[in-house]
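Visitor: Provided herewith: final15.pdb, PDB, C-alpha atoms.
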```pdb
ATOM      1  CA  MET A 124       8.501  -6.228 -26.519
ATOM      2  CA  ARG A 125       8.354  -6.962 -22.775
ATOM      3  CA  THR A 126      11.847  -5.553 -22.386
ATOM      4  CA  PHE A 127      10.876  -2.373 -24.236
ATOM      5  CA  VAL A 128       7.730  -1.888 -22.119
ATOM      6  CA  ARG A 129       9.655  -2.222 -18.868
ATOM      7  CA  VAL A 130      12.439   0.139 -20.027
ATOM      8  CA  ALA A 131       9.851   2.693 -21.152
ATOM      9  CA  GLU A 132       8.160   2.483 -17.745
ATOM     10  CA  ARG A 133      11.275   2.463 -15.574
ATOM     11  CA  GLY A 134      13.536   4.702 -17.651
ATOM     12  CA  SER A 135      16.612   2.613 -16.883
ATOM     13  CA  LEU A 136      18.343  -0.193 -18.773
ATOM     14  CA  SER A 137      20.245  -1.408 -15.720
ATOM     15  CA  ALA A 138      17.111  -1.528 -13.537
ATOM     16  CA  VAL A 139      15.268  -3.614 -16.117
ATOM     17  CA  ALA A 140      18.271  -5.901 -16.526
ATOM     18  CA  ARG A 141      18.244  -6.576 -12.773
ATOM     19  CA  GLU A 142      14.476  -7.083 -12.822
ATOM     20  CA  LEU A 143      14.670  -9.614 -15.677
ATOM     21  CA  GLY A 144      17.781 -11.310 -14.335
ATOM     22  CA  VAL A 145      19.812 -10.724 -17.513
ATOM     23  CA  GLY A 146      22.827  -8.665 -18.471
ATOM     24  CA  GLN A 147      22.438  -5.069 -19.620
ATOM     25  CA  SER A 148      23.864  -6.076 -22.990
ATOM     26  CA  THR A 149      20.899  -8.424 -23.458
ATOM     27  CA  VAL A 150      18.466  -5.594 -22.755
ATOM     28  CA  THR A 151      20.307  -3.375 -25.231
ATOM     29  CA  ARG A 152      20.197  -6.124 -27.878
ATOM     30  CA  HIS A 153      16.455  -6.660 -27.367
ATOM     31  CA  LEU A 154      15.805  -2.951 -27.860
ATOM     32  CA  ARG A 155      18.062  -2.705 -30.911
ATOM     33  CA  GLU A 156      16.396  -5.694 -32.566
ATOM     34  CA  LEU A 157      12.899  -4.346 -31.831
ATOM     35  CA  GLU A 158      13.728  -0.906 -33.239
ATOM     36  CA  THR A 159      15.177  -2.566 -36.336
ATOM     37  CA  ALA A 160      12.023  -4.628 -36.787
ATOM     38  CA  VAL A 161       9.706  -1.636 -36.273
ATOM     39  CA  GLY A 162      11.830   0.692 -38.351
ATOM     40  CA  VAL A 163      11.697   3.755 -36.068
ATOM     41  CA  PRO A 164      13.594   4.805 -32.920
ATOM     42  CA  LEU A 165      11.515   3.965 -29.847
ATOM     43  CA  LEU A 166      13.854   5.264 -27.144
ATOM     44  CA  SER A 167      16.285   8.130 -26.833
ATOM     45  CA  ARG A 168      19.336   7.077 -24.815
ATOM     46  CA  THR A 169      21.987   9.265 -23.197
ATOM     47  CA  THR A 170      24.632   8.441 -20.610
ATOM     48  CA  ARG A 171      22.253   9.560 -17.834
ATOM     49  CA  ARG A 172      18.717   8.625 -18.830
ATOM     50  CA  VAL A 173      16.419   6.835 -21.242
ATOM     51  CA  THR A 174      13.335   8.603 -22.604
ATOM     52  CA  VAL A 175      10.587   7.412 -24.922
ATOM     53  CA  THR A 176      10.267   9.000 -28.366
ATOM     54  CA  ASP A 177       6.886  10.105 -29.715
ATOM     55  CA  GLU A 178       6.785   6.966 -31.862
ATOM     56  CA  GLY A 179       7.849   4.901 -28.853
ATOM     57  CA  SER A 180       5.070   6.340 -26.711
ATOM     58  CA  ARG A 181       2.403   5.306 -29.218
ATOM     59  CA  PHE A 182       4.046   1.910 -29.689
ATOM     60  CA  HIS A 183       4.244   1.392 -25.896
ATOM     61  CA  ALA A 184       0.478   1.844 -25.498
ATOM     62  CA  GLN A 185      -0.181  -0.835 -28.117
ATOM     63  CA  CYS A 186       2.457  -3.164 -26.631
ATOM     64  CA  VAL A 187       0.806  -3.012 -23.212
ATOM     65  CA  GLN A 188      -2.498  -4.155 -24.718
ATOM     66  CA  ILE A 189      -0.825  -6.891 -26.776
ATOM     67  CA  LEU A 190       1.105  -8.255 -23.782
ATOM     68  CA  ARG A 191      -2.058  -8.190 -21.691
ATOM     69  CA  LEU A 192      -3.754 -10.406 -24.291
ATOM     70  CA  VAL A 193      -0.717 -12.703 -24.329
ATOM     71  CA  ASP A 194      -0.840 -13.039 -20.525
ATOM     72  CA  LEU A 195      -4.572 -13.688 -20.545
ATOM     73  CA  ALA A 196      -4.185 -16.290 -23.286
ATOM     74  CA  GLY A 197      -1.492 -18.034 -21.276
ATOM     75  CA  GLU A 198      -3.657 -17.955 -18.168
ATOM     76  CA  GLU A 199      -6.570 -19.424 -20.083
ATOM     77  CA  ALA A 200      -4.392 -22.216 -21.475
ATOM     78  CA  ARG A 201      -2.894 -23.044 -18.096
ATOM     79  CA  SER A 202      -6.299 -23.025 -16.395
ATOM     80  CA  THR A 203      -7.278 -26.074 -18.420
ATOM     81  CA  ARG A 204      -4.420 -28.007 -16.787
ATOM     82  CA  GLY A 205      -5.636 -27.511 -13.237
ATOM     83  CA  ALA A 206      -4.592 -25.269 -10.331
ATOM     84  CA  PRO A 207      -3.705 -21.612 -11.005
ATOM     85  CA  ALA A 208       0.017 -20.845 -11.003
ATOM     86  CA  GLY A 209       2.420 -17.959 -11.504
ATOM     87  CA  THR A 210       3.682 -14.975  -9.538
ATOM     88  CA  ILE A 211       1.766 -12.034  -8.054
ATOM     89  CA  ARG A 212       3.546  -8.907  -6.893
ATOM     90  CA  ILE A 213       1.815  -6.972  -4.104
ATOM     91  CA  SER A 214       2.786  -3.780  -2.290
ATOM     92  CA  CYS A 215       1.376  -2.951   1.148
ATOM     93  CA  THR A 216       1.649  -0.323   3.855
ATOM     94  CA  ALA A 217       4.473  -1.606   6.062
ATOM     95  CA  ALA A 218       2.908  -2.062   9.505
ATOM     96  CA  LEU A 219      -0.345  -3.500   8.141
ATOM     97  CA  GLY A 220       1.683  -5.871   5.995
ATOM     98  CA  VAL A 221       3.852  -7.144   8.838
ATOM     99  CA  LEU A 222       1.059  -7.590  11.391
ATOM    100  CA  HIS A 223      -1.785  -8.808   9.211
ATOM    101  CA  VAL A 224      -1.394  -9.072   5.430
ATOM    102  CA  SER A 225       1.648 -11.368   5.571
ATOM    103  CA  ARG A 226      -0.443 -13.926   7.499
ATOM    104  CA  LEU A 227      -3.215 -13.637   4.940
ATOM    105  CA  ILE A 228      -0.685 -14.336   2.189
ATOM    106  CA  PHE A 229       0.391 -17.494   4.027
ATOM    107  CA  ALA A 230      -3.239 -18.660   4.150
ATOM    108  CA  PHE A 231      -3.718 -17.822   0.457
ATOM    109  CA  GLN A 232      -0.676 -19.863  -0.542
ATOM    110  CA  ASP A 233      -1.933 -22.787   1.540
ATOM    111  CA  LEU A 234      -5.035 -22.740  -0.678
ATOM    112  CA  TYR A 235      -3.075 -22.168  -3.901
ATOM    113  CA  PRO A 236       0.385 -23.704  -3.445
ATOM    114  CA  ASP A 237       1.424 -23.104  -7.079
ATOM    115  CA  ILE A 238       1.036 -19.321  -6.808
ATOM    116  CA  ALA A 239       4.161 -17.394  -5.766
ATOM    117  CA  VAL A 240       3.751 -14.027  -4.031
ATOM    118  CA  ASP A 241       6.313 -11.214  -3.970
ATOM    119  CA  LEU A 242       5.254  -9.004  -1.028
ATOM    120  CA  SER A 243       6.848  -5.551  -0.822
ATOM    121  CA  LEU A 244       6.297  -3.538   2.373
ATOM    122  CA  SER A 245       6.676   0.227   2.185
ATOM    123  CA  ASP A 246       4.863   3.387   3.238
ATOM    124  CA  GLU A 247       6.197   5.163   0.147
ATOM    125  CA  ARG A 248       3.721   5.738  -2.676
ATOM    126  CA  ILE A 249       5.122   3.759  -5.596
ATOM    127  CA  ASP A 250       4.279   3.651  -9.288
ATOM    128  CA  LEU A 251       2.683   0.220  -9.659
ATOM    129  CA  VAL A 252       3.194   0.020 -13.413
ATOM    130  CA  ARG A 253       6.801   1.185 -13.321
ATOM    131  CA  ASP A 254       7.715  -1.208 -10.498
ATOM    132  CA  GLY A 255       5.853  -4.188 -11.950
ATOM    133  CA  VAL A 256       3.382  -4.470  -9.051
ATOM    134  CA  ASP A 257      -0.025  -6.080  -9.613
ATOM    135  CA  ILE A 258      -1.862  -5.034  -6.416
ATOM    136  CA  ALA A 259      -1.288  -2.394  -3.737
ATOM    137  CA  LEU A 260      -2.957  -1.896  -0.353
ATOM    138  CA  ARG A 261      -2.927   1.725   0.727
ATOM    139  CA  LEU A 262      -4.216   3.794   3.655
ATOM    140  CA  GLY A 263      -5.322   7.374   3.077
ATOM    141  CA  PRO A 264      -6.484   9.417   0.082
ATOM    142  CA  LEU A 265      -5.396   8.331  -3.398
ATOM    143  CA  THR A 266      -4.731  10.297  -6.570
ATOM    144  CA  ASP A 267      -3.712   7.827  -9.320
ATOM    145  CA  SER A 268      -6.703   7.712 -11.687
ATOM    146  CA  SER A 269      -5.073   5.188 -14.056
ATOM    147  CA  LEU A 270      -5.624   2.249 -11.665
ATOM    148  CA  LYS A 271      -8.669   0.260 -10.612
ATOM    149  CA  LEU A 272      -9.868   0.958  -7.089
ATOM    150  CA  LYS A 273     -11.484  -1.514  -4.704
ATOM    151  CA  PRO A 274     -12.527   0.138  -1.415
ATOM    152  CA  LEU A 275     -11.932  -2.183   1.535
ATOM    153  CA  GLY A 276     -13.372  -0.039   4.324
ATOM    154  CA  GLN A 277     -12.430   2.563   6.897
ATOM    155  CA  SER A 278      -9.608   1.980   9.378
ATOM    156  CA  ARG A 279     -10.778   3.037  12.833
ATOM    157  CA  ARG A 280      -8.343   5.069  14.931
ATOM    158  CA  LEU A 281      -8.119   5.938  18.613
ATOM    159  CA  LEU A 282      -5.878   7.826  21.013
ATOM    160  CA  VAL A 283      -3.788   5.558  23.261
ATOM    161  CA  ALA A 284      -0.957   5.559  25.806
ATOM    162  CA  ALA A 285       0.637   3.125  28.252
ATOM    163  CA  PRO A 286      -0.679   3.044  31.853
ATOM    164  CA  GLN A 287       2.788   3.873  33.193
ATOM    165  CA  TYR A 288       2.941   6.947  30.965
ATOM    166  CA  LEU A 289      -0.433   8.205  32.178
ATOM    167  CA  ALA A 290       0.503   7.507  35.790
ATOM    168  CA  GLY A 291       3.435   9.867  35.446
ATOM    169  CA  SER A 292       1.970  12.543  33.175
ATOM    170  CA  GLY A 293      -1.699  12.553  34.158
ATOM    171  CA  VAL A 294      -4.895  11.402  32.444
ATOM    172  CA  PRO A 295      -6.546  14.001  30.167
ATOM    173  CA  MET A 296     -10.308  14.217  30.770
ATOM    174  CA  HIS A 297     -11.155  16.452  27.783
ATOM    175  CA  PRO A 298      -9.330  17.449  24.570
ATOM    176  CA  ARG A 299      -8.754  20.910  26.020
ATOM    177  CA  ASP A 300      -6.709  19.233  28.773
ATOM    178  CA  LEU A 301      -4.317  18.027  26.096
ATOM    179  CA  ALA A 302      -4.175  21.501  24.626
ATOM    180  CA  ARG A 303      -3.535  23.035  28.039
ATOM    181  CA  ASP A 304      -1.010  20.394  29.055
ATOM    182  CA  LEU A 305       1.116  20.287  25.912
ATOM    183  CA  GLY A 306       4.102  21.116  28.045
ATOM    184  CA  THR A 307       3.643  17.953  30.139
ATOM    185  CA  HIS A 308       2.356  15.489  27.513
ATOM    186  CA  GLU A 309       4.541  13.867  24.856
ATOM    187  CA  GLY A 310       2.968  13.285  21.462
ATOM    188  CA  ILE A 311       4.404  10.541  19.230
ATOM    189  CA  ARG A 312       3.730  11.348  15.614
ATOM    190  CA  MET A 313       4.332   9.953  12.139
ATOM    191  CA  SER A 314       6.772  12.201  10.311
ATOM    192  CA  ASN A 315       5.813  10.918   6.845
ATOM    193  CA  ILE A 316       2.088  11.721   7.149
ATOM    194  CA  ALA A 317       1.032  15.208   6.093
ATOM    195  CA  GLY A 318      -0.718  17.098   8.858
ATOM    196  CA  SER A 319       0.420  14.796  11.673
ATOM    197  CA  ASP A 320       1.486  17.856  13.678
ATOM    198  CA  LEU A 321      -2.228  18.575  14.167
ATOM    199  CA  LEU A 322      -4.341  16.175  16.247
ATOM    200  CA  ILE A 323      -7.999  15.994  15.163
ATOM    201  CA  LEU A 324     -10.427  14.569  17.743
ATOM    202  CA  GLU A 325     -14.160  14.125  17.195
ATOM    203  CA  GLY A 326     -16.852  13.117  19.679
ATOM    204  CA  ARG A 327     -19.854  14.315  21.697
ATOM    205  CA  GLY A 328     -20.806  16.476  18.738
ATOM    206  CA  GLU A 329     -17.487  18.342  19.005
ATOM    207  CA  ARG A 330     -14.431  18.620  16.796
ATOM    208  CA  HIS A 331     -11.076  19.681  18.173
ATOM    209  CA  ALA A 332      -7.872  20.485  16.259
ATOM    210  CA  LEU A 333      -4.882  20.552  18.590
ATOM    211  CA  PRO A 334      -1.178  21.228  17.968
ATOM    212  CA  PHE A 335       0.530  17.868  18.383
ATOM    213  CA  GLY A 336       4.093  16.666  18.779
ATOM    214  CA  GLY A 337       6.877  15.822  21.133
ATOM    215  CA  ARG A 338      10.477  14.697  21.265
ATOM    216  CA  LEU A 339       9.891  11.579  19.122
ATOM    217  CA  GLN A 340       8.678  11.283  15.552
ATOM    218  CA  THR A 341       9.124   8.345  13.209
ATOM    219  CA  ASP A 342       8.200   7.241   9.703
ATOM    220  CA  HIS A 343       7.142   3.686  10.625
ATOM    221  CA  GLY A 344       3.982   2.502  12.371
ATOM    222  CA  LEU A 345       5.747  -0.366  14.137
ATOM    223  CA  ALA A 346       8.123   2.121  15.748
ATOM    224  CA  VAL A 347       5.095   4.086  17.030
ATOM    225  CA  ARG A 348       3.721   0.840  18.470
ATOM    226  CA  GLU A 349       6.991   0.132  20.293
ATOM    227  CA  ALA A 350       7.238   3.698  21.609
ATOM    228  CA  LEU A 351       3.695   3.556  22.958
ATOM    229  CA  ALA A 352       4.283   0.219  24.681
ATOM    230  CA  ALA A 353       7.459   1.629  26.223
ATOM    231  CA  GLY A 354       5.505   4.509  27.765
ATOM    232  CA  ARG A 355       7.088   7.239  25.648
ATOM    233  CA  GLY A 356       3.910   9.251  25.023
ATOM    234  CA  ILE A 357       0.417   9.512  23.540
ATOM    235  CA  ALA A 358      -0.435   8.834  19.894
ATOM    236  CA  PRO A 359      -3.405   8.483  17.564
ATOM    237  CA  THR A 360      -3.160   5.022  16.043
ATOM    238  CA  HIS A 361      -5.065   2.416  14.047
ATOM    239  CA  LEU A 362      -6.900  -0.161  16.143
ATOM    240  CA  TRP A 363      -5.385  -3.039  14.140
ATOM    241  CA  LEU A 364      -1.911  -1.779  15.107
ATOM    242  CA  VAL A 365      -2.441  -2.020  18.879
ATOM    243  CA  GLU A 366      -5.451  -4.275  19.482
ATOM    244  CA  ASP A 367      -3.364  -6.977  21.189
ATOM    245  CA  LEU A 368      -1.614  -4.419  23.421
ATOM    246  CA  LEU A 369      -4.959  -2.991  24.493
ATOM    247  CA  ALA A 370      -6.308  -6.485  25.254
ATOM    248  CA  ALA A 371      -3.210  -7.264  27.330
ATOM    249  CA  GLY A 372      -3.488  -4.019  29.319
ATOM    250  CA  ARG A 373      -0.174  -2.706  28.012
ATOM    251  CA  LEU A 374      -1.984   0.247  26.430
ATOM    252  CA  THR A 375      -5.189   2.055  27.343
ATOM    253  CA  ARG A 376      -7.482   4.448  25.506
ATOM    254  CA  VAL A 377      -7.092   8.145  26.191
ATOM    255  CA  LEU A 378     -10.242  10.291  25.959
ATOM    256  CA  PRO A 379     -12.433   7.284  24.999
ATOM    257  CA  ASP A 380     -15.364   9.533  24.067
ATOM    258  CA  TYR A 381     -13.245  11.124  21.325
ATOM    259  CA  ALA A 382     -11.359   9.668  18.381
ATOM    260  CA  PRO A 383      -9.369  10.779  15.332
ATOM    261  CA  PRO A 384     -11.290  10.436  12.042
ATOM    262  CA  PRO A 385     -11.012   6.999  10.375
ATOM    263  CA  VAL A 386      -8.763   6.524   7.357
ATOM    264  CA  PRO A 387      -9.888   4.859   4.103
ATOM    265  CA  LEU A 388      -8.229   1.555   3.187
ATOM    266  CA  ASN A 389      -8.194   0.744  -0.526
ATOM    267  CA  MET A 390      -6.843  -1.849  -2.901
ATOM    268  CA  LEU A 391      -5.334  -0.658  -6.184
ATOM    269  CA  ILE A 392      -5.061  -3.018  -9.150
ATOM    270  CA  VAL A 393      -3.177  -2.459 -12.397
ATOM    271  CA  PRO A 394      -5.941  -2.665 -15.055
ATOM    272  CA  GLU A 395      -3.877  -4.830 -17.405
ATOM    273  CA  ARG A 396      -3.402  -7.405 -14.602
ATOM    274  CA  ALA A 397      -6.926  -7.374 -13.173
ATOM    275  CA  GLY A 398      -8.205 -10.026 -15.574
ATOM    276  CA  ILE A 399      -5.511 -12.595 -14.786
ATOM    277  CA  ALA A 400      -6.994 -15.503 -12.846
ATOM    278  CA  ARG A 401      -4.418 -15.652 -10.039
ATOM    279  CA  VAL A 402      -4.658 -11.881  -9.498
ATOM    280  CA  ARG A 403      -8.458 -12.054  -9.309
ATOM    281  CA  LEU A 404      -8.186 -14.864  -6.758
ATOM    282  CA  LEU A 405      -5.896 -12.834  -4.494
ATOM    283  CA  VAL A 406      -7.987  -9.655  -4.865
ATOM    284  CA  ASP A 407     -11.138 -11.495  -3.759
ATOM    285  CA  PHE A 408      -9.339 -13.372  -0.980
ATOM    286  CA  LEU A 409      -7.792 -10.230   0.518
ATOM    287  CA  ALA A 410     -11.022  -8.246   0.274
ATOM    288  CA  GLU A 411     -12.861 -10.926   2.258
ATOM    289  CA  ARG A 412     -10.177 -11.512   4.884
ATOM    290  CA  ILE A 413      -9.149  -7.885   5.444
ATOM    291  CA  ALA A 414     -12.761  -7.102   6.364
ATOM    292  CA  GLN A 415     -12.216  -9.372   9.391
ATOM    293  CA  ILE A 416      -9.239  -7.406  10.756
ATOM    294  CA  ALA A 417      -9.988  -5.507  13.980
ATOM    295  CA  GLY A 418     -10.891  -1.885  13.300
ATOM    296  CA  ILE A 419     -11.576  -2.246   9.553
ATOM    297  CA  GLU A 420     -15.161  -1.049   9.258
ATOM    298  CA  THR A 421     -16.686  -2.097   5.951
ATOM    299  CA  GLY A 422     -20.231  -0.749   6.206
ATOM    300  CA  ALA A 423     -19.431   2.436   4.299
ATOM    301  CA  ALA A 424     -17.549   0.497   1.623
ATOM    302  CA  ARG A 425     -20.051  -2.279   0.904
ATOM    303  CA  GLY A 426     -21.597  -0.309  -1.930
ATOM    304  CA  GLY A 427     -18.186  -0.027  -3.617
ATOM    305  CA  ASN A 428     -17.013  -3.618  -3.576
ATOM    306  CA  ARG A 429     -16.873  -3.946  -7.341
ATOM    307  CA  LEU A 430     -13.812  -2.814  -9.236
ATOM    308  CA  GLU A 431     -14.171   0.755 -10.412
ATOM    309  CA  PRO A 432     -11.919   3.300 -12.113
ATOM    310  CA  GLN A 433     -10.456   5.504  -9.389
TER     311      GLN A 433
END
```
Any chance you could give the structure as C-alpha cells?
Guide:
Amino acid sequence: MRTFVRVAERGSLSAVARELGVGQSTVTRHLRELETAVGVPLLSRTTRRVTVTDEGSRFHAQCVQILRLVDLAGEEARSTRGAPAGTIRISCTAALGVLHVSRLIFAFQDLYPDIAVDLSLSDERIDLVRDGVDIALRLGPLTDSSLKLKPLGQSRRLLVAAPQYLAGSGVPMHPRDLARDLGTHEGIRMSNIAGSDLLILEGRGERHALPFGGRLQTDHGLAVREALAAGRGIAPTHLWLVEDLLAAGRLTRVLPDYAPPPVPLNMLIVPERAGIARVRLLVDFLAERIAQIAGIETGAARGGNRLEPQ
C-alpha cells in the first residue's frame, strides 16, 4: 500500500524504487500483488509514464488515511518506550537554510538525538506530498491550499551595498537618484523571483517603483550576498542574509529611510504528518527559534500561530 501511494504521487516506478531503496522489480511486484488483492487495476502503465485509474484515485485517498492511522499508531506505541524517534524530511529556502535553519536543526537533534532529519535546500517550489516531505519553510506568497499553514512572521528587507561600491558610484540620497542614475548604478537581482526587475521602496509616506537591474543576476541568495560583499552593486536583501556583514562594516544601508516591503515567511505541513509526535516537536521548535532570527518580525503573525488550512 505504501508503494502504491508513492507511485501514485510521483508517477514513476524507478523514482519510488530509488526512494525506498529497492529494485524496480520489487515495486512492480508490490503493485501487481495489491491489484490482485483489490481486484481492479489501480494504475495505468506505459513505457513513458504511470497514471492512476479512476478506481486507483479513490483507493489512493483511502490508503493515505489508513497509512496515516498506521503511522500514528506506531508513534503512540513507540512513545511509551521513551524518547521520540524516526525521520523527518524538511525542505527550506536555500540561503535561509544554510545560514540559519541548519544550525537550528543541529540544536534540535541535540535535544532529540534519536530523531533523524533529512534537510533539503532549494528555492524551487516542490510538491511536498509527491516528494515525501513533512515540513517546508517558504518565503513569499503561497498557493497550495491542501497543506496546513503556520505563519512565522515577516522577513524585513533593506537596500544595501558595499562601502567601496558606493565610494566609486556615489551614494543615492533619494529613490529618484537611483532612477536618474541607473546608468551609473549596478543592480544585483534574483532571476528566479517574479518582478525582481522592479525595485519597490517605501518610506516617508512615499512609494517608489523603479526599473532595476544590472550586469549580474543570479538564482541564489548566497550568490547575491557574495556579490554585494565584493562591491559588485546594490541589492534589496533580507536582513538575516547580511546582518553579520552590516555589523562588520562590509556592507552599509542605502537610502536608510526607505525599504522594500517585507516578505511573509511561512511553514507548510503535510496534514497527514502533522499529528506525528516528532513532526509536532520540530514544528514547535522551529516556530520558536525562527522568531529569534534577525529581521523576522513576528508581531503581525502572532494571531496566526495555530495550524490552519491555507
Visitor: Going by the chain IDs and residue numbers used in this file, which residues fall under the PyMOL selection byres ((chain A and resi 349) around 12)? Write them as JSON, numbers by chain.
Guide: {"A": [218, 284, 285, 311, 339, 341, 343, 344, 345, 346, 347, 348, 350, 351, 352, 353, 354, 355, 356, 357, 358, 364, 365, 368, 373, 374]}
Visitor: Enumerate, as a PDB file with C-alpha atoms, in the frame of the given file, the residues matched when the PyMOL selection byres ((chain A and resi 177-183) around 9) is run on the file above.
Guide:
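Result file selection-v1.pdb:
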```pdb
ATOM      1  CA  MET A 124       8.501  -6.228 -26.519  1.00  0.00           C
ATOM      2  CA  PHE A 127      10.876  -2.373 -24.236  1.00  0.00           C
ATOM      3  CA  VAL A 128       7.730  -1.888 -22.119  1.00  0.00           C
ATOM      4  CA  ALA A 131       9.851   2.693 -21.152  1.00  0.00           C
ATOM      5  CA  VAL A 163      11.697   3.755 -36.068  1.00  0.00           C
ATOM      6  CA  PRO A 164      13.594   4.805 -32.920  1.00  0.00           C
ATOM      7  CA  LEU A 165      11.515   3.965 -29.847  1.00  0.00           C
ATOM      8  CA  LEU A 166      13.854   5.264 -27.144  1.00  0.00           C
ATOM      9  CA  VAL A 175      10.587   7.412 -24.922  1.00  0.00           C
ATOM     10  CA  THR A 176      10.267   9.000 -28.366  1.00  0.00           C
ATOM     11  CA  ALA A 184       0.478   1.844 -25.498  1.00  0.00           C
ATOM     12  CA  GLN A 185      -0.181  -0.835 -28.117  1.00  0.00           C
ATOM     13  CA  CYS A 186       2.457  -3.164 -26.631  1.00  0.00           C
ATOM     14  CA  VAL A 187       0.806  -3.012 -23.212  1.00  0.00           C
ATOM     15  CA  GLN A 188      -2.498  -4.155 -24.718  1.00  0.00           C
TER      16      GLN A 188
END
```
Visitor: Using only C-alpha atoms, which of A:Asp407, A:Glu132, A:Glu420, A:Glu395 sits nearest Leu195 (chain A)?
Guide: A:Glu395
Visitor: Exactly which residues make up the result of the PyMOL selection byres ((chain A and resi 312-325) around 6) on this file, given as number ranges by chain?
Guide: A: 311, 326, 329-336, 340-342, 381-383
Visitor: Please indicate the distance in Å from CA of His308 (chain A) to CA of Ser278 (chain A), rounded to one decimal place.
Guide: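 Computing it gives 25.6 Å between the two atoms.
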Visitor: I'd like a table as a Markdown table: residues in region 332-417 of chain A with an atom no more than 12 Å from region 249-253 of chain A, each row giving the shortest atom pair and its distance in Å to one decimal, only C-alpha atoms counted, sorted by chain and rising residue number.
Guide:
```
| residue | atom | partner | partner_atom | distance |
| --- | --- | --- | --- | --- |
| A:Met390 | CA | A:Leu251 | CA | 11.9 |
| A:Leu391 | CA | A:Leu251 | CA | 8.8 |
| A:Ile392 | CA | A:Leu251 | CA | 8.4 |
| A:Val393 | CA | A:Val252 | CA | 6.9 |
| A:Pro394 | CA | A:Val252 | CA | 9.7 |
| A:Glu395 | CA | A:Val252 | CA | 9.5 |
| A:Arg396 | CA | A:Val252 | CA | 10.0 |
```
Visitor: From the set A:Leu227, A:Leu219, A:Leu244, A:Leu301, which residue has the shortest atom-to-atom contact distance to Leu282 (chain A), counting all atoms listed in the file?
Guide: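 For Leu282 (chain A), the nearest of the given residues is A:Leu301.
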Visitor: Between A:Arg125, A:Leu281, A:Pro298, A:Ala259, which is the closest to Arg191 (chain A) once you count all atoms listed in the file?
Guide: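 Distance minimum relative to Arg191 (chain A) lands on A:Arg125.
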Visitor: Which residue, A:Thr216, A:Thr210, A:Ser292, A:Ser225, has the smallest gap to Ile238 (chain A) when you use all atoms listed in the file?
Guide: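 Closest residue, counting all atoms listed in the file: A:Thr210.
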Visitor: CA of Ala400 (chain A) and CA of Phe231 (chain A) are how many Å apart?
Guide: 13.9 Å
Visitor: Looking at all atoms listed in the file, which of A:Glu198, A:His223, A:Thr126, A:Val386 is the one that sits closest to Glu156 (chain A)?
Guide: A:Thr126
Visitor: Hey, can you check how far CA of Asp257 (chain A) sits from CA of Thr421 (chain A)?
Guide: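 Spanning CA of Asp257 (chain A) to CA of Thr421 (chain A) is a straight-line distance of 23.1 Å.
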Visitor: Would you compute an axis-aligned box for region 412-420 of chain A, covering every atom listed for it in the file with 6 Å of margin on each side, and report centre and edge lengths in Å to one decimal as AutoDock Vina command-line options?
Guide:
```
--center_x -12.2 --center_y -6.3 --center_z 9.4 --size_x 18.0 --size_y 22.5 --size_z 21.1
```
Visitor: Pick out the closest residue to Gly398 (chain A) from this set: A:Gln415, A:Lys271, A:Val294, A:Ala371. Count all atoms listed in the file.
Guide: A:Lys271
